[in-house]
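Below you'll find the structure, written out as structure tokens, and then a few comments.
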Amino acid sequence: MSQSLIVAKFGGTSVADFAAMNRSADVVLADPKTRLVVLSASAGVTNLLVSLSEGQEPEQRAYQLDEIRRIQYAIVDQLSQPDVIRDEVDRVLENITMLSEAAALATSSALTDELVSHGELLSTLLFVEVLRQRQVESQWFDVRKVMRTDDRFGRAEPDITLLAELTQTQLAPKLADALIVTQGFIGSEAKGRTTTLGRGGSDYTAALLGEALQASRIDIWTDVPGIYTTDPRVVPAAKRIDEITFEEAAEMATFGAKVLHPATLMPAVRSDIPVFVGSSKDPSAGGTLVCNESKKLPLFRALALRRKQTLLTLHSLNMLHSRGFLAEVFNILARYNISVDLITTSEVSVALTLDTTGSTSTGDSLLTQALLTELSSLCRVEVEENLALVAIIGNKLSQACGVGKEVFGVLDPFNLRLICYGASSYNLCFLVPGNDAEQVVQTLHRNLFE
Ligand code: ADP
Ligand code: ASP
Ligand code: MG
């Protein structure tokens, strides 16, 4: 492990405008061990690009293109020498215009990724210039040279071995000469076409590059000073967790704590690299350290909330005393590239939710008509939408006594649609109607953490 290397990632709000970029630059410069900076697109830009990639009417398209130009030019115009970068920014904006016109004629997932990648290309271009104009030697690096992925556009998976090789040859030597600024979220497949790792994927990029470079720490700088007992936007009384284990934080991310992309901790765990989460707006407020061991391992650690969950209930009398029904169901789901998330079974039915972890860049629904038709040929299918998954994250939950009473005792005003408890000692999950979700989390938080 390189004792002296930190990979620092800054999210959309941390590069939203000129002031935010300068605060993030301060954070980078405060620790000389930070040699690689991974950036998201400026806040709002990815959403605009996703919308453009869906193919817009000319008027709407012009409006969205103007919005992107406005967000990025607000930064350009505040540089002390804006002219050195104008041409380059204009060239990227022209590319976006051209691609959005193509998307209006015919959309495709490859085109979407190509278009959406421009948010990170722009933010990194601008950040390098912000640093340069502060007399900091820095270099822009195209992450697609090393982030080799498969070609599942919108949710591409990196080839870890190739990434490690390419990083060692193409990126590592540059770190000795200058601070390197690169893009999160984007990659490229074998033929060189641009891919993306799914929404929120910049965290994952930082962790993957941290692993490939054997970094000593991965810093995730965002708009909250750490990981909280639950989303502070839902529960203002949520408390910061100073130290948390990889397992607990990974469960939180998987079950919806947006502060970390669900895959972020995989490389960190594999290579035992601590991850720090802090606020670029207020770095002195401290943050959360995610690492292998934590001094405290409380029974209840945090609550996570994942919205827009779909529950499938499959009924079949053939299931009664028979074998192979579940195998058939899982086979079909596997063919559609869907992994099952929560599951409960009874004598003649099985209820399951589809894993939406790390959804695609466009947020496409997993539940297609073709899948429903195929499942319907096997059994009666019921679909319930608009549910929310609430997860309680903790330690040794399945070994403790009284967990049920403590959790469910305060939830009697609510309908609990499905409960999963016992498979993992780190979580207890259940589904509630989407409209009740925030109230359920607030009630539980009051009871378990306040
Ligand atoms: P970035 O753009 O920096 O990647 P995100 O919006 O993806 O930032 O993630 C930060 C947000 O995550 C916070 O503003 C907060 O609302 C949300 N969040 C959800 N759960 C948690 C949690 N348990 N602790 C902290 N923040 C959380
Ligand atoms: N810009 C991308 C997104 O908005 C990736 C990221 O911010 O992590 O999803
Ligand atoms: Mg994020």
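Letters A, B, ... mark the chains of the structure tokens in the order given; residue numbers begin at 1 per chain; ligand numbers begin at 1, in order shown.
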
Give as a list in words the residues surrounding ligand 1 up to a distance of 6 Å, considering only C-alpha atoms and all ligand atoms.
Gly11, Gly12, Thr13, Gly200, Thr222, Asp223, Val224, Gly226, Ile227, Tyr228, Thr229, Thr230, Asp231, Pro232, Arg233, Ala257, Lys258 and Val259 of chain A

Environment of ligand 2 within 7 Å, counting only C-alpha atoms and all ligand atoms, reported as a PyMOL selection string:
chain A and resi 11-12+40-41+46-47+119-120+184-185+198-203+361

Emit the selected residues as an mmCIF file, in the first residue's frame, including N, CA, C and O atoms.
```
data_model
loop_
_atom_site.group_PDB
_atom_site.id
_atom_site.type_symbol
_atom_site.label_atom_id
_atom_site.label_comp_id
_atom_site.auth_asym_id
_atom_site.auth_seq_id
_atom_site.Cartn_x
_atom_site.Cartn_y
_atom_site.Cartn_z
ATOM 1 N N GLY A 11 -18.273 15.369 -4.980
ATOM 2 C CA GLY A 11 -19.578 15.173 -5.616
ATOM 3 C C GLY A 11 -20.097 16.438 -6.279
ATOM 4 O O GLY A 11 -19.439 17.494 -6.246
ATOM 5 N N GLY A 12 -21.274 16.331 -6.868
ATOM 6 C CA GLY A 12 -21.852 17.410 -7.680
ATOM 7 C C GLY A 12 -21.953 18.755 -6.978
ATOM 8 O O GLY A 12 -21.622 19.793 -7.571
ATOM 9 N N SER A 40 -17.348 14.513 -9.855
ATOM 10 C CA SER A 40 -18.660 14.351 -10.481
ATOM 11 C C SER A 40 -18.891 15.542 -11.403
ATOM 12 O O SER A 40 -18.127 16.505 -11.388
ATOM 13 N N ALA A 41 -19.990 15.490 -12.125
ATOM 14 C CA ALA A 41 -20.421 16.648 -12.908
ATOM 15 C C ALA A 41 -20.939 17.710 -11.949
ATOM 16 O O ALA A 41 -21.378 17.388 -10.843
ATOM 17 N N THR A 46 -25.832 16.366 -14.795
ATOM 18 C CA THR A 46 -26.128 14.996 -15.231
ATOM 19 C C THR A 46 -27.633 14.820 -15.495
ATOM 20 O O THR A 46 -28.028 14.203 -16.484
ATOM 21 N N ASN A 47 -28.463 15.382 -14.612
ATOM 22 C CA ASN A 47 -29.915 15.266 -14.828
ATOM 23 C C ASN A 47 -30.323 15.884 -16.165
ATOM 24 O O ASN A 47 -31.145 15.313 -16.896
ATOM 25 N N GLY A 119 -20.812 15.654 -18.673
ATOM 26 C CA GLY A 119 -20.884 16.418 -17.427
ATOM 27 C C GLY A 119 -19.572 16.337 -16.665
ATOM 28 O O GLY A 119 -19.020 17.351 -16.205
ATOM 29 N N GLU A 120 -19.032 15.138 -16.567
ATOM 30 C CA GLU A 120 -17.768 14.936 -15.854
ATOM 31 C C GLU A 120 -16.605 15.486 -16.668
ATOM 32 O O GLU A 120 -15.623 15.983 -16.111
ATOM 33 N N GLY A 184 -15.147 10.940 -12.463
ATOM 34 C CA GLY A 184 -15.839 9.806 -11.889
ATOM 35 C C GLY A 184 -16.881 9.327 -12.878
ATOM 36 O O GLY A 184 -17.049 9.919 -13.955
ATOM 37 N N PHE A 185 -17.542 8.203 -12.575
ATOM 38 C CA PHE A 185 -18.778 7.800 -13.258
ATOM 39 C C PHE A 185 -18.603 7.204 -14.646
ATOM 40 O O PHE A 185 -19.384 6.383 -15.069
ATOM 41 N N GLY A 198 -23.508 3.900 -13.694
ATOM 42 C CA GLY A 198 -24.791 4.031 -12.986
ATOM 43 C C GLY A 198 -24.786 5.293 -12.141
ATOM 44 O O GLY A 198 -23.723 5.775 -11.738
ATOM 45 N N ARG A 199 -25.987 5.822 -11.877
ATOM 46 C CA ARG A 199 -26.089 7.097 -11.158
ATOM 47 C C ARG A 199 -25.355 7.046 -9.818
ATOM 48 O O ARG A 199 -25.407 6.039 -9.120
ATOM 49 N N GLY A 200 -24.700 8.118 -9.499
ATOM 50 C CA GLY A 200 -23.941 8.182 -8.249
ATOM 51 C C GLY A 200 -22.616 7.445 -8.316
ATOM 52 O O GLY A 200 -21.932 7.271 -7.312
ATOM 53 N N GLY A 201 -22.230 7.008 -9.530
ATOM 54 C CA GLY A 201 -21.089 6.111 -9.693
ATOM 55 C C GLY A 201 -19.709 6.714 -9.453
ATOM 56 O O GLY A 201 -18.715 5.978 -9.427
ATOM 57 N N SER A 202 -19.624 8.014 -9.244
ATOM 58 C CA SER A 202 -18.291 8.611 -9.032
ATOM 59 C C SER A 202 -17.634 8.105 -7.752
ATOM 60 O O SER A 202 -16.406 8.001 -7.676
ATOM 61 N N ASP A 203 -18.439 7.813 -6.739
ATOM 62 C CA ASP A 203 -17.878 7.246 -5.500
ATOM 63 C C ASP A 203 -17.157 5.933 -5.832
ATOM 64 O O ASP A 203 -16.062 5.651 -5.339
ATOM 65 N N SER A 361 -28.009 4.613 -15.534
ATOM 66 C CA SER A 361 -27.867 6.066 -15.616
ATOM 67 C C SER A 361 -29.182 6.745 -15.962
ATOM 68 O O SER A 361 -29.402 7.895 -15.648
#
```

In range 36-101 of chain A, what's strand (DSSP E) per DSSP? Answer as a PDB file with N, CA, C and O atoms, in the first residue's frame?
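Listing of part.pdb after writing:
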```
ATOM      1  N   LEU A  36      -4.640  12.367  -6.380  1.00  0.00           N
ATOM      2  CA  LEU A  36      -5.605  12.101  -7.451  1.00  0.00           C
ATOM      3  C   LEU A  36      -6.974  12.607  -7.026  1.00  0.00           C
ATOM      4  O   LEU A  36      -7.465  12.283  -5.939  1.00  0.00           O
ATOM      5  N   VAL A  37      -7.564  13.429  -7.887  1.00  0.00           N
ATOM      6  CA  VAL A  37      -8.873  14.014  -7.608  1.00  0.00           C
ATOM      7  C   VAL A  37      -9.880  13.461  -8.614  1.00  0.00           C
ATOM      8  O   VAL A  37      -9.642  13.487  -9.818  1.00  0.00           O
ATOM      9  N   VAL A  38     -10.975  12.927  -8.104  1.00  0.00           N
ATOM     10  CA  VAL A  38     -12.030  12.363  -8.953  1.00  0.00           C
ATOM     11  C   VAL A  38     -13.263  13.243  -8.803  1.00  0.00           C
ATOM     12  O   VAL A  38     -13.682  13.523  -7.684  1.00  0.00           O
ATOM     13  N   LEU A  39     -13.815  13.700  -9.918  1.00  0.00           N
ATOM     14  CA  LEU A  39     -14.942  14.623  -9.820  1.00  0.00           C
ATOM     15  C   LEU A  39     -16.219  14.097 -10.450  1.00  0.00           C
ATOM     16  O   LEU A  39     -16.203  13.387 -11.460  1.00  0.00           O
TER      17      LEU A  39
END
```

From the list A:Ala370, A:Leu209, A:Val277, A:Ala237, which residue is nearest ligand 3 when using only C-alpha atoms and all ligand atoms?
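Smallest separation from ligand 3 among the options: A:Val277.
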
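For the choices A:Thr149, A:Thr107, A:Gln78, A:Thr194, the atom-to-atom distance to Gln56 in chain A is smallest for A:Thr107 when using only C-alpha atoms.
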
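Proximity to ligand 3 was assessed for A:Ala43, A:Leu260, A:Leu303, A:Leu52 counting only C-alpha atoms and all ligand atoms; the smallest distance is recorded for A:Leu260.
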
Do a neighbour search on Leu29 in chain A at 9 Å with only C-alpha atoms, toss out local chain neighbours closer than 5 positions, and write the hits as a list of chain:residue names.
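Close residues of Leu29 in chain A: A:Ser24, A:Thr34, A:Val136.
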